[in-house]
>>> print(open('run.csv').read())   # CSV, C-alpha atoms
chain,number,residue,atom,x,y,z
X,180,MET,CA,25.8,-31.6,32.8
X,181,ALA,CA,23.6,-29.4,34.9
X,182,ALA,CA,20.1,-28.6,33.4
X,183,SER,CA,20.9,-24.8,33.7
X,184,SER,CA,23.6,-25.2,31.1
X,185,PHE,CA,21.2,-26.2,28.4
X,186,GLN,CA,19.7,-23.7,26.0
X,187,THR,CA,16.7,-23.9,23.7
X,188,LEU,CA,17.4,-25.1,20.2
X,189,PRO,CA,17.9,-22.4,17.4
X,190,GLY,CA,14.5,-21.1,16.3
X,191,PHE,CA,12.7,-22.3,19.4
X,192,ARG,CA,11.8,-20.4,22.6
X,193,ASP,CA,10.3,-20.7,26.0
X,194,PHE,CA,7.1,-18.9,27.1
X,195,ALA,CA,7.7,-17.5,30.6
X,196,PRO,CA,4.5,-16.5,32.4
X,197,ARG,CA,4.3,-13.0,30.8
X,198,GLU,CA,4.9,-14.3,27.3
X,199,CYS,CA,2.5,-17.1,27.9
X,200,ALA,CA,-0.2,-14.7,28.9
X,201,ILE,CA,0.4,-12.6,25.8
X,202,ARG,CA,0.2,-15.7,23.6
X,203,ASN,CA,-3.0,-16.9,25.3
X,204,TYR,CA,-4.6,-13.5,24.8
X,205,LEU,CA,-3.8,-13.7,21.0
X,206,VAL,CA,-5.1,-17.2,20.8
X,207,GLU,CA,-8.4,-16.4,22.6
X,208,THR,CA,-8.9,-13.3,20.4
X,209,TRP,CA,-8.5,-15.4,17.3
X,210,ARG,CA,-10.9,-18.0,18.7
X,211,THR,CA,-13.5,-15.5,19.7
X,212,VAL,CA,-13.6,-13.7,16.3
X,213,ALA,CA,-13.6,-17.0,14.4
X,214,ARG,CA,-16.6,-18.2,16.3
X,215,GLN,CA,-18.4,-14.9,15.8
X,216,HIS,CA,-18.1,-15.5,12.1
X,217,GLY,CA,-19.6,-18.9,12.4
X,218,PHE,CA,-16.4,-21.0,12.2
X,219,VAL,CA,-16.0,-24.1,14.3
X,220,GLU,CA,-12.8,-25.4,15.7
X,221,TYR,CA,-11.0,-28.6,14.7
X,222,GLU,CA,-7.6,-30.1,15.7
X,223,THR,CA,-5.1,-32.2,13.8
X,224,PRO,CA,-1.9,-34.0,15.0
X,225,LEU,CA,1.5,-32.2,15.2
X,226,LEU,CA,3.1,-35.3,13.6
X,227,GLU,CA,2.0,-36.6,10.2
X,228,ASP,CA,3.1,-39.1,7.5
X,229,THR,CA,5.8,-37.3,5.5
X,230,GLY,CA,4.0,-38.3,2.2
X,231,LEU,CA,1.3,-35.9,3.1
X,232,TYR,CA,3.7,-33.0,2.4
X,233,LEU,CA,5.7,-34.5,-0.4
X,234,LYS,CA,2.8,-35.4,-2.6
X,235,LYS,CA,2.0,-31.9,-3.7
X,236,SER,CA,4.2,-29.4,-2.0
X,237,GLY,CA,7.6,-29.6,-3.8
X,238,GLY,CA,9.6,-26.4,-3.9
X,239,GLU,CA,11.1,-25.0,-0.8
X,240,LEU,CA,8.7,-26.5,1.6
X,241,SER,CA,10.0,-30.1,1.0
X,242,LYS,CA,13.4,-28.8,2.0
X,243,GLN,CA,12.2,-27.2,5.3
X,244,LEU,CA,10.6,-30.3,6.9
X,245,PHE,CA,11.5,-31.5,10.4
X,246,ARG,CA,11.5,-35.0,9.0
X,247,PHE,CA,12.7,-38.2,10.8
X,248,GLN,CA,12.1,-41.9,11.1
X,249,ASP,CA,10.2,-43.0,14.3
X,250,GLN,CA,10.8,-46.1,16.3
X,251,GLY,CA,8.3,-48.0,14.1
X,252,GLU,CA,10.4,-47.0,11.1
X,253,ARG,CA,7.8,-44.7,9.7
X,254,ASP,CA,8.8,-41.6,7.7
X,255,VAL,CA,7.2,-38.8,9.7
X,256,THR,CA,7.3,-35.0,9.8
X,257,LEU,CA,6.4,-32.3,12.3
X,258,ARG,CA,3.7,-30.4,10.4
X,259,PRO,CA,5.1,-27.3,8.6
X,260,GLU,CA,1.6,-25.9,8.0
X,261,VAL,CA,-2.0,-26.8,8.7
X,262,THR,CA,-3.6,-27.0,5.2
X,263,ALA,CA,-2.4,-30.5,4.3
X,264,SER,CA,-3.8,-31.9,7.5
X,265,LEU,CA,-7.1,-30.1,7.0
X,266,ALA,CA,-7.3,-31.6,3.5
X,267,ARG,CA,-6.8,-35.1,4.9
X,268,LEU,CA,-9.4,-34.6,7.7
X,269,ALA,CA,-11.9,-33.0,5.4
X,270,ALA,CA,-11.6,-35.8,2.8
X,271,ALA,CA,-12.4,-38.3,5.5
X,272,LYS,CA,-15.2,-36.4,7.4
X,273,GLN,CA,-16.8,-34.1,4.9
X,274,ARG,CA,-19.9,-36.3,4.3
X,275,GLU,CA,-20.7,-35.9,8.0
X,276,PHE,CA,-21.2,-32.1,7.8
X,277,PRO,CA,-23.4,-29.8,5.7
X,278,LYS,CA,-21.6,-27.5,3.2
X,279,PRO,CA,-19.9,-25.2,3.3
X,280,LEU,CA,-17.5,-26.2,6.0
X,281,LYS,CA,-16.3,-23.2,8.0
X,282,TRP,CA,-13.5,-24.6,10.1
X,283,PHE,CA,-10.5,-23.1,12.0
X,284,GLU,CA,-7.5,-24.4,13.8
X,285,ILE,CA,-4.9,-22.8,16.1
X,286,GLY,CA,-1.7,-24.8,16.6
X,287,MET,CA,2.0,-25.1,16.4
X,288,CYS,CA,3.9,-25.6,13.1
X,289,PHE,CA,7.5,-26.3,12.4
X,290,ARG,CA,9.8,-25.4,9.6
X,291,TYR,CA,13.5,-26.0,9.3
X,292,GLU,CA,14.5,-22.6,7.9
X,293,LYS,CA,16.8,-19.8,9.0
X,294,PRO,CA,15.2,-18.1,12.1
X,295,GLN,CA,14.2,-14.5,11.4
X,296,LYS,CA,12.6,-11.7,13.3
X,297,GLY,CA,9.0,-12.5,14.1
X,298,ARG,CA,9.3,-16.1,13.0
X,299,GLY,CA,11.3,-19.0,14.3
X,300,ARG,CA,11.4,-22.7,13.4
X,301,GLU,CA,8.4,-23.2,15.7
X,302,PHE,CA,5.4,-20.9,15.3
X,303,ILE,CA,1.7,-20.7,16.0
X,304,GLN,CA,-0.6,-20.6,13.0
X,305,PHE,CA,-4.2,-19.5,12.9
X,306,ASN,CA,-5.8,-21.2,10.0
X,307,ALA,CA,-9.4,-20.5,8.9
X,308,ASP,CA,-10.9,-22.1,5.8
X,309,ILE,CA,-14.2,-22.3,4.0
X,310,LEU,CA,-14.6,-25.6,2.1
X,311,GLY,CA,-17.3,-26.4,-0.4
X,312,GLU,CA,-17.9,-22.9,-1.6
X,313,SER,CA,-16.0,-21.5,-4.6
X,314,LYS,CA,-17.7,-18.2,-4.9
X,315,PRO,CA,-15.8,-14.9,-4.3
X,316,SER,CA,-18.1,-14.4,-1.3
X,317,ALA,CA,-16.2,-17.0,0.6
X,318,ASP,CA,-12.9,-15.1,0.1
X,319,ALA,CA,-14.6,-11.9,1.2
X,320,GLU,CA,-15.7,-13.7,4.4
X,321,LEU,CA,-12.1,-14.7,5.1
X,322,ILE,CA,-10.9,-11.1,4.5
X,323,ALA,CA,-13.6,-9.8,6.8
X,324,LEU,CA,-12.4,-12.3,9.5
X,325,ALA,CA,-8.8,-11.1,9.1
X,326,VAL,CA,-9.8,-7.5,9.3
X,327,GLU,CA,-12.0,-7.9,12.3
X,328,THR,CA,-9.4,-10.0,14.1
X,329,MET,CA,-6.9,-7.1,13.7
X,330,LEU,CA,-9.5,-4.7,15.0
X,331,ALA,CA,-10.3,-7.0,18.0
X,332,LEU,CA,-6.5,-6.9,18.9
X,333,GLY,CA,-6.7,-3.1,19.1
X,334,PHE,CA,-5.3,-2.1,15.8
X,335,ARG,CA,-7.0,0.7,13.7
X,336,GLY,CA,-7.8,0.5,10.0
X,337,ASP,CA,-4.7,2.6,9.1
X,338,ASP,CA,-2.3,0.3,11.1
X,339,PHE,CA,-2.4,-2.6,8.6
X,340,ILE,CA,-3.0,-3.5,5.0
X,341,VAL,CA,-4.7,-6.6,3.6
X,342,ARG,CA,-2.9,-7.9,0.5
X,343,VAL,CA,-4.9,-10.2,-1.8
X,344,SER,CA,-3.3,-12.1,-4.6
X,345,ASP,CA,-5.3,-12.7,-7.8
X,346,ARG,CA,-4.6,-16.4,-8.3
X,347,ARG,CA,-6.7,-16.8,-11.4
X,348,ALA,CA,-4.8,-13.9,-13.1
X,349,TRP,CA,-1.4,-15.4,-12.2
X,350,ILE,CA,-2.5,-18.9,-13.4
X,351,ASP,CA,-3.5,-17.3,-16.8
X,352,PHE,CA,-0.1,-15.5,-16.8
X,353,ALA,CA,1.7,-18.8,-16.2
X,354,ALA,CA,-0.3,-20.5,-19.0
X,355,ARG,CA,0.6,-17.7,-21.5
X,356,ASN,CA,4.3,-18.1,-20.5
X,357,GLU,CA,4.1,-21.9,-20.9
X,358,ILE,CA,4.9,-22.7,-17.3
X,359,ALA,CA,4.1,-26.4,-16.7
X,360,ASP,CA,1.0,-27.2,-14.7
X,361,ASP,CA,3.1,-29.1,-12.1
X,362,LYS,CA,5.3,-26.1,-11.6
X,363,ILE,CA,2.6,-23.5,-11.1
X,364,ASP,CA,2.4,-23.8,-7.3
X,365,GLU,CA,6.2,-23.2,-7.1
X,366,PHE,CA,5.8,-20.2,-9.4
X,367,LEU,CA,3.0,-18.7,-7.3
X,368,GLN,CA,5.1,-19.0,-4.2
X,369,LEU,CA,7.7,-16.8,-5.9
X,370,VAL,CA,5.1,-14.3,-7.0
X,371,ASP,CA,4.0,-14.0,-3.4
X,372,LYS,CA,7.6,-12.9,-2.5
X,373,ILE,CA,7.8,-10.0,-4.9
X,374,GLU,CA,7.8,-7.4,-2.2
X,375,ARG,CA,9.7,-9.4,0.4
X,376,GLU,CA,12.6,-11.0,-1.3
X,377,PRO,CA,15.6,-9.0,-2.8
X,378,ALA,CA,15.5,-8.7,-6.6
X,379,ASP,CA,19.0,-10.2,-6.9
X,380,SER,CA,17.7,-13.3,-5.2
X,381,LEU,CA,14.2,-13.5,-6.7
X,382,GLY,CA,15.2,-12.6,-10.3
X,383,PRO,CA,17.2,-15.8,-11.0
X,384,LYS,CA,14.5,-18.0,-9.5
X,385,LEU,CA,11.9,-16.4,-11.8
X,386,ALA,CA,14.2,-16.7,-14.8
X,387,SER,CA,14.2,-20.4,-14.3
X,388,PHE,CA,10.5,-20.3,-15.3
X,389,GLY,CA,11.4,-18.2,-18.4
X,390,VAL,CA,10.0,-14.9,-17.0
X,391,GLN,CA,11.7,-11.8,-15.8
X,392,LEU,CA,11.1,-9.9,-12.6
X,393,ALA,CA,10.2,-6.8,-14.5
X,394,GLU,CA,7.5,-8.6,-16.4
X,395,ILE,CA,6.0,-9.8,-13.1
X,396,GLN,CA,6.1,-6.3,-11.6
X,397,GLN,CA,4.5,-4.8,-14.7
X,398,PHE,CA,1.7,-7.4,-14.8
X,399,ALA,CA,1.0,-6.9,-11.1
X,400,ALA,CA,0.8,-3.1,-11.5
X,401,ASP,CA,-1.7,-3.1,-14.3
X,402,PRO,CA,-5.4,-3.2,-13.0
X,403,ASP,CA,-6.6,-4.3,-16.4
X,404,ASN,CA,-5.0,-7.7,-15.7
X,405,ALA,CA,-7.4,-8.4,-12.8
X,406,SER,CA,-9.6,-11.5,-13.3
X,407,PRO,CA,-13.4,-11.4,-13.2
X,408,ASP,CA,-13.3,-13.4,-9.9
X,409,PHE,CA,-11.0,-10.8,-8.4
X,410,LEU,CA,-13.2,-7.9,-9.4
X,411,GLU,CA,-16.3,-9.7,-8.0
X,412,LEU,CA,-14.3,-10.3,-4.7
X,413,MET,CA,-13.5,-6.5,-4.5
X,414,ARG,CA,-17.3,-5.8,-4.9
X,415,GLU,CA,-18.1,-8.3,-2.1
X,416,VAL,CA,-15.5,-6.7,0.2
X,417,GLU,CA,-16.8,-3.2,-0.4
X,418,ALA,CA,-20.4,-4.3,0.1
X,419,ARG,CA,-19.5,-5.5,3.6
X,420,GLN,CA,-18.4,-2.0,4.6
X,421,LEU,CA,-15.8,-3.3,7.0
X,422,PRO,CA,-15.2,-1.1,10.1
X,423,ALA,CA,-12.1,1.0,10.0
>>> encode(input="run.csv", output="structure tokens")
Amino acid sequence: MAASSFQTLPGFRDFAPRECAIRNYLVETWRTVARQHGFVEYETPLLEDTGLYLKKSGGELSKQLFRFQDQGERDVTLRPEVTASLARLAAAKQREFPKPLKWFEIGMCFRYEKPQKGRGREFIQFNADILGESKPSADAELIALAVETMLALGFRGDDFIVRVSDRRAWIDFAARNEIADDKIDEFLQLVDKIEREPADSLGPKLASFGVQLAEIQQFAADPDNASPDFLELMREVEARQLPA
């Protein structure tokens, strides 16, 4: 069969010179802004032990893995996200660096899910993290990084919205509704989809946790439910007077 008769696999794509130049511009902009904020770059392998993702992920992620057995009969996976690899690396190397660690990585990730507009099965992830600092100021720094990255790409303040989830408030909500600790991450993944997933699909998934979609929407809409940490984060963000 001639090579010209082959096509890319579903969810994957080529980068011809023009597309490659656009991608490189985005990557270099991410890298420049991250460094301006004092983040340093690291890199982790595309291929990891599958156990790294099965240990804590559960939920839909475990069903979206590009998972196979290599020639050494190891159970391996093309990474679906960067955070697990970062946790592995930081656990091994954190004593070698002063805290907090401000690290970033830009690299390919892979998820076996239905390809959709703007996201295939292969995608580039820009991951920036602050490790060893639990104060709201760390989250404010990451929000500032996100905003200034968008501005560096030529967007104006009214072209985009930064959405911030109040994790502490949702964990308290889960506790009051007797959602088991080992199911909270899966529950939070559903909460993050409130505005993206159709109600007729999301509703039954939430019902399996003993809560109704209407309860979730009412809780999210009430500012009195905000946690103290979230309110402190908002004060930190406002104090930064981010450019519009």
>>> closest_residue(input="run.csv", among="X:Val390, X:Gln186, X:Ala354, X:Asp408", to="Leu369 of chain X", atoms="all atoms listed in the file")
X:Val390
>>> closest_atom_pairs(input="run.csv", of="segment 195-269 of chain X", to="segment 299-307 of chain X", cutoff="12 Å", atoms="all atoms listed in the file", output="JSON lines")
{"residue": "X:Arg202", "atom": "CA", "partner": "X:Ile303", "partner_atom": "CA", "distance": 9.2}
{"residue": "X:Asn203", "atom": "CA", "partner": "X:Ile303", "partner_atom": "CA", "distance": 11.1}
{"residue": "X:Leu205", "atom": "CA", "partner": "X:Phe305", "partner_atom": "CA", "distance": 10.0}
{"residue": "X:Val206", "atom": "CA", "partner": "X:Phe305", "partner_atom": "CA", "distance": 8.3}
{"residue": "X:Glu207", "atom": "CA", "partner": "X:Phe305", "partner_atom": "CA", "distance": 11.0}
{"residue": "X:Thr208", "atom": "CA", "partner": "X:Phe305", "partner_atom": "CA", "distance": 10.8}
{"residue": "X:Trp209", "atom": "CA", "partner": "X:Phe305", "partner_atom": "CA", "distance": 7.4}
{"residue": "X:Arg210", "atom": "CA", "partner": "X:Phe305", "partner_atom": "CA", "distance": 9.0}
{"residue": "X:Val212", "atom": "CA", "partner": "X:Ala307", "partner_atom": "CA", "distance": 10.9}
{"residue": "X:Ala213", "atom": "CA", "partner": "X:Ala307", "partner_atom": "CA", "distance": 7.8}
{"residue": "X:Arg214", "atom": "CA", "partner": "X:Ala307", "partner_atom": "CA", "distance": 10.6}
{"residue": "X:His216", "atom": "CA", "partner": "X:Ala307", "partner_atom": "CA", "distance": 10.5}
{"residue": "X:Gly217", "atom": "CA", "partner": "X:Ala307", "partner_atom": "CA", "distance": 10.9}
{"residue": "X:Phe218", "atom": "CA", "partner": "X:Ala307", "partner_atom": "CA", "distance": 7.8}
{"residue": "X:Val219", "atom": "CA", "partner": "X:Ala307", "partner_atom": "CA", "distance": 9.3}
{"residue": "X:Glu220", "atom": "CA", "partner": "X:Ala307", "partner_atom": "CA", "distance": 9.0}
{"residue": "X:Tyr221", "atom": "CA", "partner": "X:Ala307", "partner_atom": "CA", "distance": 10.1}
{"residue": "X:Glu222", "atom": "CA", "partner": "X:Asn306", "partner_atom": "CA", "distance": 10.7}
{"residue": "X:Thr223", "atom": "CA", "partner": "X:Asn306", "partner_atom": "CA", "distance": 11.7}
{"residue": "X:Leu225", "atom": "CA", "partner": "X:Glu301", "partner_atom": "CA", "distance": 11.4}
{"residue": "X:Gln243", "atom": "CA", "partner": "X:Arg300", "partner_atom": "CA", "distance": 9.3}
{"residue": "X:Leu244", "atom": "CA", "partner": "X:Arg300", "partner_atom": "CA", "distance": 10.0}
{"residue": "X:Phe245", "atom": "CA", "partner": "X:Arg300", "partner_atom": "CA", "distance": 9.3}
{"residue": "X:Leu257", "atom": "CA", "partner": "X:Glu301", "partner_atom": "CA", "distance": 9.9}
{"residue": "X:Arg258", "atom": "CA", "partner": "X:Glu301", "partner_atom": "CA", "distance": 10.1}
{"residue": "X:Pro259", "atom": "CA", "partner": "X:Glu301", "partner_atom": "CA", "distance": 8.8}
{"residue": "X:Glu260", "atom": "CA", "partner": "X:Gln304", "partner_atom": "CA", "distance": 7.6}
{"residue": "X:Val261", "atom": "CA", "partner": "X:Asn306", "partner_atom": "CA", "distance": 6.9}
{"residue": "X:Thr262", "atom": "CA", "partner": "X:Asn306", "partner_atom": "CA", "distance": 7.8}
{"residue": "X:Ala263", "atom": "CA", "partner": "X:Asn306", "partner_atom": "CA", "distance": 11.4}
{"residue": "X:Ser264", "atom": "CA", "partner": "X:Asn306", "partner_atom": "CA", "distance": 11.2}
{"residue": "X:Leu265", "atom": "CA", "partner": "X:Asn306", "partner_atom": "CA", "distance": 9.5}
>>> write_last_selection(input="run.csv", atoms="C-alpha atoms", output="compact mmCIF listing (two decimals), keeping the file's coordinate frame")
# COMPACT_ATOMS: atom_id res chain seq x y z
CA ARG X 202 0.20 -15.70 23.60
CA ASN X 203 -3.00 -16.90 25.30
CA LEU X 205 -3.80 -13.70 21.00
CA VAL X 206 -5.10 -17.20 20.80
CA GLU X 207 -8.40 -16.40 22.60
CA THR X 208 -8.90 -13.30 20.40
CA TRP X 209 -8.50 -15.40 17.30
CA ARG X 210 -10.90 -18.00 18.70
CA VAL X 212 -13.60 -13.70 16.30
CA ALA X 213 -13.60 -17.00 14.40
CA ARG X 214 -16.60 -18.20 16.30
CA HIS X 216 -18.10 -15.50 12.10
CA GLY X 217 -19.60 -18.90 12.40
CA PHE X 218 -16.40 -21.00 12.20
CA VAL X 219 -16.00 -24.10 14.30
CA GLU X 220 -12.80 -25.40 15.70
CA TYR X 221 -11.00 -28.60 14.70
CA GLU X 222 -7.60 -30.10 15.70
CA THR X 223 -5.10 -32.20 13.80
CA LEU X 225 1.50 -32.20 15.20
CA GLN X 243 12.20 -27.20 5.30
CA LEU X 244 10.60 -30.30 6.90
CA PHE X 245 11.50 -31.50 10.40
CA LEU X 257 6.40 -32.30 12.30
CA ARG X 258 3.70 -30.40 10.40
CA PRO X 259 5.10 -27.30 8.60
CA GLU X 260 1.60 -25.90 8.00
CA VAL X 261 -2.00 -26.80 8.70
CA THR X 262 -3.60 -27.00 5.20
CA ALA X 263 -2.40 -30.50 4.30
CA SER X 264 -3.80 -31.90 7.50
CA LEU X 265 -7.10 -30.10 7.00
>>> residues_near_point(input="run.csv", point="(12.6, -32.7, 5.5)", cutoff="9 Å", atoms="all atoms listed in the file", output="ChimeraX atom specification")
/X:229,240-247,256,290-291
>>> atom_distance(input="run.csv", atom1="atom CA of Arg192 of chain X", atom2="atom CA of Glu376 of chain X")
25.7 Å
>>> residues_around(input="run.csv", residues="Ser406 of chain X", least_positions_apart="5", cutoff="10 Å", atoms="only C-alpha atoms", output="VMD selection string")
chain X and resid 345 to 349 351 411 to 412
>>> residues_around(input="run.csv", residues="Gln396 of chain X", least_positions_apart="5", cutoff="9 Å", atoms="only C-alpha atoms", output="VMD selection string")
chain X and resid 373 391 401
>>> residues_near_point(input="run.csv", point="(-15.1, -6.3, 0.0)", cutoff="10 Å", atoms="only C-alpha atoms", output="JSON, numbers by chain")
{"X": [315, 316, 318, 319, 320, 322, 323, 410, 411, 412, 413, 414, 415, 416, 417, 418, 419, 420, 421]}
>>> atom_distance(input="run.csv", atom1="atom CA of Thr211 of chain X", atom2="atom CA of Gly336 of chain X")
19.6 Å
>>> atom_distance(input="run.csv", atom1="atom CA of Leu321 of chain X", atom2="atom CA of Gly230 of chain X")
28.7 Å
>>> closest_residue(input="run.csv", among="X:Phe276, X:Pro422, X:Phe398, X:Ala405", to="Ala325 of chain X", atoms="all atoms listed in the file")
X:Pro422
>>> closest_residue(input="run.csv", among="X:Leu385, X:Ala378, X:Leu310, X:Val255", to="Pro277 of chain X", atoms="all atoms listed in the file")
X:Leu310
>>> closest_residue(input="run.csv", among="X:Ile363, X:Val343, X:Ala353, X:Val370", to="Phe409 of chain X", atoms="all atoms listed in the file")
X:Val343
>>> closest_residue(input="run.csv", among="X:Gly251, X:Pro224, X:Gly311, X:Gly333", to="Gly286 of chain X", atoms="all atoms listed in the file")
X:Pro224
>>> closest_residue(input="run.csv", among="X:Leu330, X:Ser184, X:Asp337, X:Asn404", to="Ile350 of chain X", atoms="all atoms listed in the file")
X:Asn404
